[in-house]
Each structure stands twice: as C-alpha cells, then as structure tokens.
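Participant: Below are the structure tokens for one structure; questions will follow.
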Amino acid sequence: MPTQSPVAPRSGNPVGSRTDAVSDPQQERRADLAEQTSGEVTVVDPAMVKRAVSAAALGNAMEWFDFGVYSYIAVTLGHVFFPSGNPTAQLLSTFGAFAAAFLVRPLGGMVFGPLGDRIGRQKVLAITMIMMAIGTFAIGLIPSYASIGVGAPILLLAARLVQGFSTGGEYGGASTFIAEYAPDKKRGFLGSWLEFGTLAGYVGGAGLVTLMTALLSTEDLNSWGWRIPFLVAGPMGIIGLYLRMRLEETPAFAQLEKEAHAKEKDRRAAEKRIGIREMVFGQWRAMLLCIGLVLVFNVTDYMLLSYMPSYLTSELKYDETHGLLVVLAVMVLMMCVQPFAGRLSDRFGRRPVIAAGCIGFLVLSVPALLLIRQGSLLAIALGMAALGLLLVAFTSTMPAALPALFPTKVRYGSLSIGFNISVSLFGGTTPLVVTALIGATGNKMMPAYYMMAAAVIGGIAVLLMSESARKPLPGSPPAVETEQEAEAVRAAHRPTTAGSAA
C-alpha cells in the first residue's frame, strides 16, 4: 500500500518506496535531502485530498459524537444499566464503563498502528470505522437491566471496550492519513479539519441529547429515547466506511499501486520485521516529544470540554443546562476559528502557534478561571471563550505537527502508541485528578494550576521539536498541488545536483 495515495506519479521511485528505516537523526536527514534533490516530487490530486480529509474527519466526528452522547446522557444510562438506590453509585458505574475505554486505547494503538504501517492506512482506518460503528450501534440495542439483569452492564462494558480498542487506531491513523495526502504548504490547514470533525461530532452528540431531553419526558427518555443517539451511529458508520473505501477505488490510486507493486512487496517484507520495540525505543526522542505535545493538548481539551460543565455545576452551583449550552457555544466558536488557525500554522509555522497556546494557558488560565468564578453568564462565556480560543492553537496544529515527528515506516504505529499512552495517562484522567485535587486542598483554582503545569510541559516539547511547516514529511518527497510547482521544486535543486555530479 503506497503511503501517499492521491498522486500523479512522477519520475523516480513510487511514493513510499524509499526504505526510510533509519532511526539515526543524522542519517535520516541525509536520506531526506537525497530524496528531495533527486527530482522526485509528488503532485497531489485536489479532489482526492478533499475526499480523504472528509473521510478521516468523519471518523473522528463519529468517535466524539459517541463521547458527547455518552457524557450528556450518563444519568439516564445509570438508571437503565445500573439500578440502585444511590444516584451517585449509578453515575460512578456509568462513568466507570466510560473510563474502561481509555484503558484499552493504548492496546488498540499497539495493534492498529503497526498494522497500518504494514498493510496501509486506508485499510486499517476502514476497520476502525467499522468497529466504532458496531460498538456505538450495539449500545443502542442492549436490553435494560430490568430485562436481562447483570448481563446488561456487562454488554455495555463490552461495547465500550470495542469502542476504546478501535479508537486506539483512529486518531493516529486519521492524522497520518491526512498528513500524507496533503501538499506540504497546506498540511496545517487540511489537518485542522480533523479536529473540526472532533468538535462537530461532540456538538452533534451533545446537542442531540440536549434536544431529546427537552422534548421527551423522563419516562420516555429512560424507556426508549436514550437509544436513538446511539442508533444514529449506524448510518454514520456506513457513510464513513463508504468514503474511506472509495479512496481505494480511484484510478490514480489503482495506477500508483500497480506501478509500485514490485518494490512495495520488498518494502512490506522489510516492514514486517518492525516491532513495537523499534516503534517506541527506536524513536524514543520523537516519542517523548509526542507524549509532551499530546499532554498539553489533551489536558486542556478535556478540562474545557469535559470537566468544565461539571465544575460549573458541582463547584460553582451554576445551572446545569446553561453550563452545557455555554460549552456548546464555545465549541461552535472554535469550529469557526479552526481552519483559519490551521492556515496560520502553514504560514508562520507549527512551533509559533503551539508556543502561543502554551504561553496563553500559562498566563491566562488564572484570569480566565477567576472570570468564570464570578458566576454571571457573560463572565462565564468570556472566560470559557478565552480558554477555547487558546485551545484552538493546539487543535489546529497537532494533526499536522504530530505525524511529522516520525518517519513513514513507523509513523502510524509510533504516533498511535505515543498518542494513546499520553491520552490514557493524562488526558482522560484530567477530570478525576482535578476533582481529587480540589477535594484534597479545598482550592477551587486547581483547574487553572493544572492547565498551567501542562502548558509548561508542552512548552518544553515545543522548544525541542523541529519546525515541520512547508517541509516534506520524513521519508516522503516534496508534495505540491500543481505540475508548475513540481517543476519549480526540481529546478531549485538542479544546480545542487549538477554541482555534485561535477
């Protein structure tokens, strides 16, 4: 499977045929330079790029649609699957099943990541799409505790484990997918649509639950209404699967695969020897940078989108409905800004944009939380909007910055492993840890301090990472949009080639 599908093949070796198995940074840079000066240039097909971005973003949207649905309907699920006389125990049990998915995400990354490097990105992303759709759809079909007893929560847990396992291969693959499709000068802009899908999915899921809660009685919601948001995942999964499978059937991809067949066979044979050890320890520096960047990205993300509604209700005694609506409004604002921030990262670089986000959280977390704690709707909206706009510095750049940390042969695997380890240890635990810190210290400013600590770690990672904007991915030739750009790239390197030959 070629590593960059939507291309018109040019002179030289097919895309992805280079044995970019080097782990030594100096050797890797020399190999990249040789690749870029050899005259080989990838000319992408804009129509196929759009379909690739849509297919990848829809998978992320589906993942976060489920996230939004499950979070917002947790109380109802507690009544349906965990009957008891204690509402708190019901809610804890429901979120326990939710958290279980985070435990298996690294396992999913360890399975699907290497598989994606071995058999191709599209095939594995089709598998993860199917698994996510099945897991979410299945929740909508599970009988209640009143019908089958303890089997109901067991089936819910099993469905959540399927979702978590498939999610482990989704983000790393989707970001790799888009990054390898995109022309170098637009990788940030196109990658930003992946997180646009994340926000759209969460808004869609949470908005649907909010609408159903307003329209249905508590009895109807508990008896059958709660199933509808989960059953919606079935049609969404079919659409997403169609889009992803369609990419393999395009003439440009089929022609590229045919021309690359002989060398791809040799490359795959070499890649089969790549193990988890090489993906992690062979790329240890990039892996640590990945974990640090994902840490600041996900701590701030989960703090704002997952924990803040509970913080407003439990700690500030704010009306629950208004708190949820404020969060939804902030996410819509982020969606509007997202593509423009992606373009900024293409123009000025990934490092300046990510650094601006880290500095912003370090300086503005306390003022923003103090504003939120004032309690008025306007103050809460302004504080949340400030944090949301800072978060866009990460959501708009990470889908392009993270894949550029790793060479092609281990990109999917290394990124999936590093991303999911960081999410499981730091992102998914953010609400729990912050709640515990507030309980232990009595200090309700802990969310701000926690985000500031994450910003420091993220800032260190930014200082140590290399700039990747407008540059080819490690292990790939330059990628451009037109033949004229390709000729300009070749012409720029011809004097160097001639001088070397002389």
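Residues in the structure tokens are named by chain (A, B, ... in the order shown) and by number from 1 within that chain; ligands are numbered from 1 in the order shown.
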For the interface of stretch 38-116 of chain A with stretch 214-224 of chain A (cut-off 10 Å, counting only C-alpha atoms), please tabulate each contacting residue of stretch 38-116 of chain A alongside its nearest pair of atoms and their separation in Å to one decimal, rows sorted by chain and increasing number, as CSV.

Facilitator:
residue,atom,partner,partner_atom,distance
A:Ile73,CA,A:Leu221,CA,9.6
A:Val75,CA,A:Asn222,CA,9.7
A:Thr76,CA,A:Asn222,CA,6.1
A:Leu77,CA,A:Asn222,CA,7.9
A:Gly78,CA,A:Asn222,CA,9.7
A:His79,CA,A:Asn222,CA,7.3
A:Val80,CA,A:Asn222,CA,6.6

Participant: Find the residues of stretch 383-408 of chain A that sit at most 12 Å from stretch 419-436 of chain A; for each, write down the nearest two atoms and how far apart they are in Å, to one decimal. Count only C-alpha atoms. Sort by chain, then by number going up, and give it as a tab-separated table.

Facilitator:
residue	atom	partner	partner_atom	distance
A:Met398	CA	A:Phe419	CA	10.8
A:Pro399	CA	A:Phe419	CA	11.1
A:Leu402	CA	A:Phe419	CA	8.9
A:Pro403	CA	A:Phe419	CA	10.5
A:Leu405	CA	A:Phe419	CA	11.9

Participant: How close does stretch 170-197 of chain A get to stretch 316-332 of chain A? List, as a tab-separated table, each residue of stretch 170-197 of chain A within 12 Å, its nearest atom pair and the distance in Å to one decimal, counting only C-alpha atoms.

Facilitator:
residue	atom	partner	partner_atom	distance
A:Glu195	CA	A:Met331	CA	10.9
A:Phe196	CA	A:Met331	CA	9.5
A:Gly197	CA	A:Met331	CA	11.2

Participant: For atom CA of A:Tyr412 and atom CA of A:Phe102, determine how far apart the two atoms are, in Å to one decimal place.

Facilitator: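 For atom CA of A:Tyr412 relative to atom CA of A:Phe102, the distance reads 19.0 Å.
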
Participant: Could you tell me which of A:Leu389, A:Ser71, A:Ala440, A:Ile238 comes closest to A:Gly207 if we count only C-alpha atoms?

Facilitator: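 Comparing A:Leu389, A:Ser71, A:Ala440, A:Ile238 against A:Gly207, the winner is A:Ser71.
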
Participant: Choose the residue, out of A:Met445, A:Leu295, A:Val462, A:Ala386, that has the smallest atom-to-atom separation from A:Pro352; count only C-alpha atoms.

Facilitator: A:Val462

Participant: Which residues, written as a PyMOL selection string, have at least one atom at most 9 Å from A:Leu415, with only C-alpha atoms counted and residues fewer than 5 positions away on the same chain left out?

Facilitator: chain A and resi 109+113+171-173+176+279+287+290+402-403+405-406+410+420
